[in-house]
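A.B. asks: To start, I am sharing the structure in question, which I have written as structure tokens.
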Amino acid sequence: GAGVSQSPSNKVTEKGKDVELRCDPISGHTALYWYRQSLGQGLEFLIYFQGNSAPDKSGLPSDRFSAERTGGSVSTLTIQRTQQEDSAVYLCASSSAGGGSNQPQHFGDGTRLSIL
Amino acid sequence: GENVEQHPSTLSVQEGDSAVIKCTYSDSASNYFPWYKQELGKRPQLIIDIRSNVGEKKDQRIAVTLNKTAKHFSLHITETQPEDSAVYFCAARPPLNAGNMLTFGGGTRLMVKP
């Protein structure tokens, strides 16, 4: 079936604006993750959703960042009052289970966010 | 929390030579260690993973070794080809983690010269 789908692929916006990034995980995958990858850097964990459990938000860098996952499927990452340091590629991943199952995470192509 | 260090940050090899990338982790309870390959502008792709109950795993030209005592694991690519050029990321996952979150290393940019 289809892999993890993210939209938009690129987003350019002015400092101070809000942005929404969308992730559509692989069908049937209960676990969904958001990561941030700054230019030439590794992957920084942001937030994790598992089924209907409360999300793990421990990686969110500030209260300007939030995420939702409606119906256990599509997720939206929202960044309010964007700053230039928010410029990065935002990657979404999903896996078939969490909680110790060690199922591999499958990544989307990411959204490249540029804050002017 | 878990901390993963990856070395080297860049690696240049001649086509046909071997490449080795090393990672160390801090949490001795970590039990799952995947490796991802990310080509320029593309998504990270899982290429191989190893669990803590084995010391080595091989898949064609790629192998991963794990030393639990020393808390390090390595990726070995033999007979490198230009298409192996990419950024490689190691990761570790502690079992006590409530989810399936991975802690990633900083990445290694591998360049295979033809």
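Just remember, in the structure tokens the first chain shown is A, the second B, etc., residues are 1-based per chain, and ligands are 1-based in the order shown.
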Write out as a PyMOL selection string the residues lying within 7 Å of Arg93 of chain B, counting only C-alpha atoms and excluding same-chain residues fewer than 4 positions away.

C.D. replies: chain B and resi 30-33+101-103

A.B. asks: Could you turn the residues from that selection into a file that holds N, CA and C atoms, as a PDB file, in the first residue's frame?

C.D. replies:
ATOM      1  N   SER B  30      18.984  -0.215  26.435  1.00  0.00           N
ATOM      2  CA  SER B  30      18.517  -0.133  25.048  1.00  0.00           C
ATOM      3  C   SER B  30      18.613  -1.488  24.380  1.00  0.00           C
ATOM      4  N   ASN B  31      17.597  -1.831  23.602  1.00  0.00           N
ATOM      5  CA  ASN B  31      17.556  -3.184  23.053  1.00  0.00           C
ATOM      6  C   ASN B  31      17.249  -3.248  21.564  1.00  0.00           C
ATOM      7  N   TYR B  32      17.181  -2.099  20.908  1.00  0.00           N
ATOM      8  CA  TYR B  32      16.862  -2.092  19.472  1.00  0.00           C
ATOM      9  C   TYR B  32      17.656  -0.994  18.798  1.00  0.00           C
ATOM     10  N   PHE B  33      18.352  -1.373  17.707  1.00  0.00           N
ATOM     11  CA  PHE B  33      19.300  -0.456  17.077  1.00  0.00           C
ATOM     12  C   PHE B  33      19.127  -0.495  15.558  1.00  0.00           C
ATOM     13  N   MET B 101       9.971   5.492  20.764  1.00  0.00           N
ATOM     14  CA  MET B 101      10.792   6.594  20.312  1.00  0.00           C
ATOM     15  C   MET B 101      12.239   6.164  20.154  1.00  0.00           C
ATOM     16  N   LEU B 102      12.817   6.616  19.093  1.00  0.00           N
ATOM     17  CA  LEU B 102      14.213   6.373  18.818  1.00  0.00           C
ATOM     18  C   LEU B 102      15.024   7.629  19.108  1.00  0.00           C
ATOM     19  N   THR B 103      16.223   7.429  19.625  1.00  0.00           N
ATOM     20  CA  THR B 103      17.187   8.514  19.748  1.00  0.00           C
ATOM     21  C   THR B 103      18.211   8.318  18.651  1.00  0.00           C
TER      22      THR B 103
END

A.B. asks: Give me, as a ChimeraX atom specification, the contact residues of chain A against chain B at a cut-off of 12 Å, counting only C-alpha atoms.

C.D. replies: /A:3-6,9-10,30-51,53-59,89-112

A.B. asks: Would you mind exporting the chosen residues as a PDB file, in the first residue's frame, restricted to C-alpha atoms?

C.D. replies:
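Wrote it out as part.pdb, contents follow:
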ATOM      1  CA  GLY A   3       3.685   4.879   2.360  1.00  0.00           C
ATOM      2  CA  VAL A   4       3.627   7.773   4.785  1.00  0.00           C
ATOM      3  CA  SER A   5       2.370  10.883   3.028  1.00  0.00           C
ATOM      4  CA  GLN A   6       3.183  14.422   4.119  1.00  0.00           C
ATOM      5  CA  SER A   9       6.289  19.162   0.549  1.00  0.00           C
ATOM      6  CA  ASN A  10       7.554  22.726   0.832  1.00  0.00           C
ATOM      7  CA  THR A  30      -1.206   2.842  15.264  1.00  0.00           C
ATOM      8  CA  ALA A  31       1.978   4.699  16.160  1.00  0.00           C
ATOM      9  CA  LEU A  32       2.871   8.079  14.638  1.00  0.00           C
ATOM     10  CA  TYR A  33       5.910  10.248  15.276  1.00  0.00           C
ATOM     11  CA  TRP A  34       7.035  13.722  14.337  1.00  0.00           C
ATOM     12  CA  TYR A  35      10.720  14.613  14.006  1.00  0.00           C
ATOM     13  CA  ARG A  36      12.568  17.768  13.025  1.00  0.00           C
ATOM     14  CA  GLN A  37      15.728  17.746  10.948  1.00  0.00           C
ATOM     15  CA  SER A  38      17.693  20.953  10.696  1.00  0.00           C
ATOM     16  CA  LEU A  39      20.078  21.431   7.776  1.00  0.00           C
ATOM     17  CA  GLY A  40      22.887  18.898   7.989  1.00  0.00           C
ATOM     18  CA  GLN A  41      21.749  17.662  11.377  1.00  0.00           C
ATOM     19  CA  GLY A  42      20.247  14.518  12.846  1.00  0.00           C
ATOM     20  CA  LEU A  43      16.626  13.811  13.640  1.00  0.00           C
ATOM     21  CA  GLU A  44      15.155  15.498  16.688  1.00  0.00           C
ATOM     22  CA  PHE A  45      12.114  13.787  18.231  1.00  0.00           C
ATOM     23  CA  LEU A  46       9.107  16.078  18.707  1.00  0.00           C
ATOM     24  CA  ILE A  47       5.965  14.126  19.598  1.00  0.00           C
ATOM     25  CA  TYR A  48       4.587  10.581  19.575  1.00  0.00           C
ATOM     26  CA  PHE A  49       1.035   9.249  19.245  1.00  0.00           C
ATOM     27  CA  GLN A  50       0.041   5.668  20.064  1.00  0.00           C
ATOM     28  CA  GLY A  51      -3.553   4.666  19.446  1.00  0.00           C
ATOM     29  CA  SER A  53      -3.369   7.145  24.457  1.00  0.00           C
ATOM     30  CA  ALA A  54      -2.301  10.620  25.460  1.00  0.00           C
ATOM     31  CA  PRO A  55       0.563  11.735  23.200  1.00  0.00           C
ATOM     32  CA  ASP A  56       4.126  11.999  24.430  1.00  0.00           C
ATOM     33  CA  LYS A  57       4.962  15.664  23.908  1.00  0.00           C
ATOM     34  CA  SER A  58       8.330  15.565  25.623  1.00  0.00           C
ATOM     35  CA  GLY A  59      10.244  16.616  22.504  1.00  0.00           C
ATOM     36  CA  VAL A  89      12.524  19.610   7.445  1.00  0.00           C
ATOM     37  CA  TYR A  90       9.689  18.152   9.491  1.00  0.00           C
ATOM     38  CA  LEU A  91       9.498  14.394   9.137  1.00  0.00           C
ATOM     39  CA  CYS A  92       6.635  12.132  10.093  1.00  0.00           C
ATOM     40  CA  ALA A  93       6.983   8.400  10.670  1.00  0.00           C
ATOM     41  CA  SER A  94       4.604   5.598  11.520  1.00  0.00           C
ATOM     42  CA  SER A  95       4.942   2.051  12.779  1.00  0.00           C
ATOM     43  CA  SER A  96       2.568  -0.828  13.200  1.00  0.00           C
ATOM     44  CA  ALA A  97       2.801  -0.787  16.995  1.00  0.00           C
ATOM     45  CA  GLY A  98       4.530   0.946  19.852  1.00  0.00           C
ATOM     46  CA  GLY A  99       5.145   0.050  23.450  1.00  0.00           C
ATOM     47  CA  GLY A 100       8.148  -2.170  23.157  1.00  0.00           C
ATOM     48  CA  SER A 101       7.336  -4.018  19.976  1.00  0.00           C
ATOM     49  CA  ASN A 102      10.419  -2.716  18.145  1.00  0.00           C
ATOM     50  CA  GLN A 103       8.508  -2.396  14.917  1.00  0.00           C
ATOM     51  CA  PRO A 104      10.427  -0.352  12.335  1.00  0.00           C
ATOM     52  CA  GLN A 105       9.433   3.233  11.722  1.00  0.00           C
ATOM     53  CA  HIS A 106       8.644   4.239   8.147  1.00  0.00           C
ATOM     54  CA  PHE A 107       9.235   7.856   7.216  1.00  0.00           C
ATOM     55  CA  GLY A 108       7.478  10.253   4.910  1.00  0.00           C
ATOM     56  CA  ASP A 109       9.319  12.598   2.529  1.00  0.00           C
ATOM     57  CA  GLY A 110       8.998  15.471   4.972  1.00  0.00           C
ATOM     58  CA  THR A 111       7.892  19.079   4.755  1.00  0.00           C
ATOM     59  CA  ARG A 112      10.650  21.591   4.146  1.00  0.00           C
TER      60      ARG A 112
END

A.B. asks: Quick one: everything within 7 Å of Tyr25 of chain B, counting only C-alpha atoms, minus sequence neighbours fewer than 5 positions away in the same chain. Send it as a PyMOL selection string.

C.D. replies: chain B and resi 2-5+71-72

A.B. asks: Output N, CA, C and O atoms for every residue in that selection, as a short mmCIF file (atom, residue, chain, number, x, y, z; two decimals), in the first residue's frame.

C.D. replies:
data_model
loop_
_atom_site.label_atom_id
_atom_site.label_comp_id
_atom_site.auth_asym_id
_atom_site.auth_seq_id
_atom_site.Cartn_x
_atom_site.Cartn_y
_atom_site.Cartn_z
N GLU B 2 18.32 8.54 26.79
CA GLU B 2 19.32 7.95 25.93
C GLU B 2 20.09 9.03 25.17
O GLU B 2 19.53 10.06 24.78
N ASN B 3 21.40 8.79 24.97
CA ASN B 3 22.23 9.68 24.17
C ASN B 3 23.03 8.82 23.19
O ASN B 3 23.66 7.83 23.58
N VAL B 4 22.98 9.17 21.92
CA VAL B 4 23.67 8.40 20.88
C VAL B 4 24.69 9.29 20.19
O VAL B 4 24.34 10.37 19.71
N GLU B 5 25.93 8.83 20.17
CA GLU B 5 27.00 9.53 19.48
C GLU B 5 27.40 8.73 18.24
O GLU B 5 27.51 7.50 18.31
N LYS B 71 28.66 -0.92 24.86
CA LYS B 71 27.58 -0.04 24.44
C LYS B 71 27.92 0.66 23.14
O LYS B 71 27.86 1.91 23.04
N HIS B 72 28.34 -0.13 22.16
CA HIS B 72 28.51 0.45 20.84
C HIS B 72 28.10 -0.52 19.76
O HIS B 72 28.08 -1.74 19.96
#

A.B. asks: Measure the distance from atom CA of Lys22 of chain B to atom CA of Leu40 of chain B in Å and round it to one decimal.

C.D. replies: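 Between these atoms lies a distance of 21.2 Å.
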
A.B. asks: DSSP says strand (DSSP E or B) for which residues of segment 5-84 of chain B? Put them as an MDAnalysis selection string?

C.D. replies: chainID B and resid 5:7 10:14 19:25 32:38 45:51 56:59 62:67 72:77

A.B. asks: Quick one: pull the distance between atom CA of Leu116 of chain A and atom CA of Pro61 of chain A, Å, one decimal.

C.D. replies: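 Distance between the two atoms: 19.7 Å.
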
A.B. asks: Take atom CA of Ala19 of chain B and atom CA of His76 of chain B and report the distance between them in Å, one decimal.

C.D. replies: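 We find that atom CA of Ala19 of chain B and atom CA of His76 of chain B lie 5.8 Å from each other.
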
A.B. asks: Hey, what's within 8 Å of segment 15-18 of chain B if we count only C-alpha atoms and toss same-chain stuff fewer than 4 positions away? As an MDAnalysis selection string, please?

C.D. replies: chainID B and resid 76:82 112:114
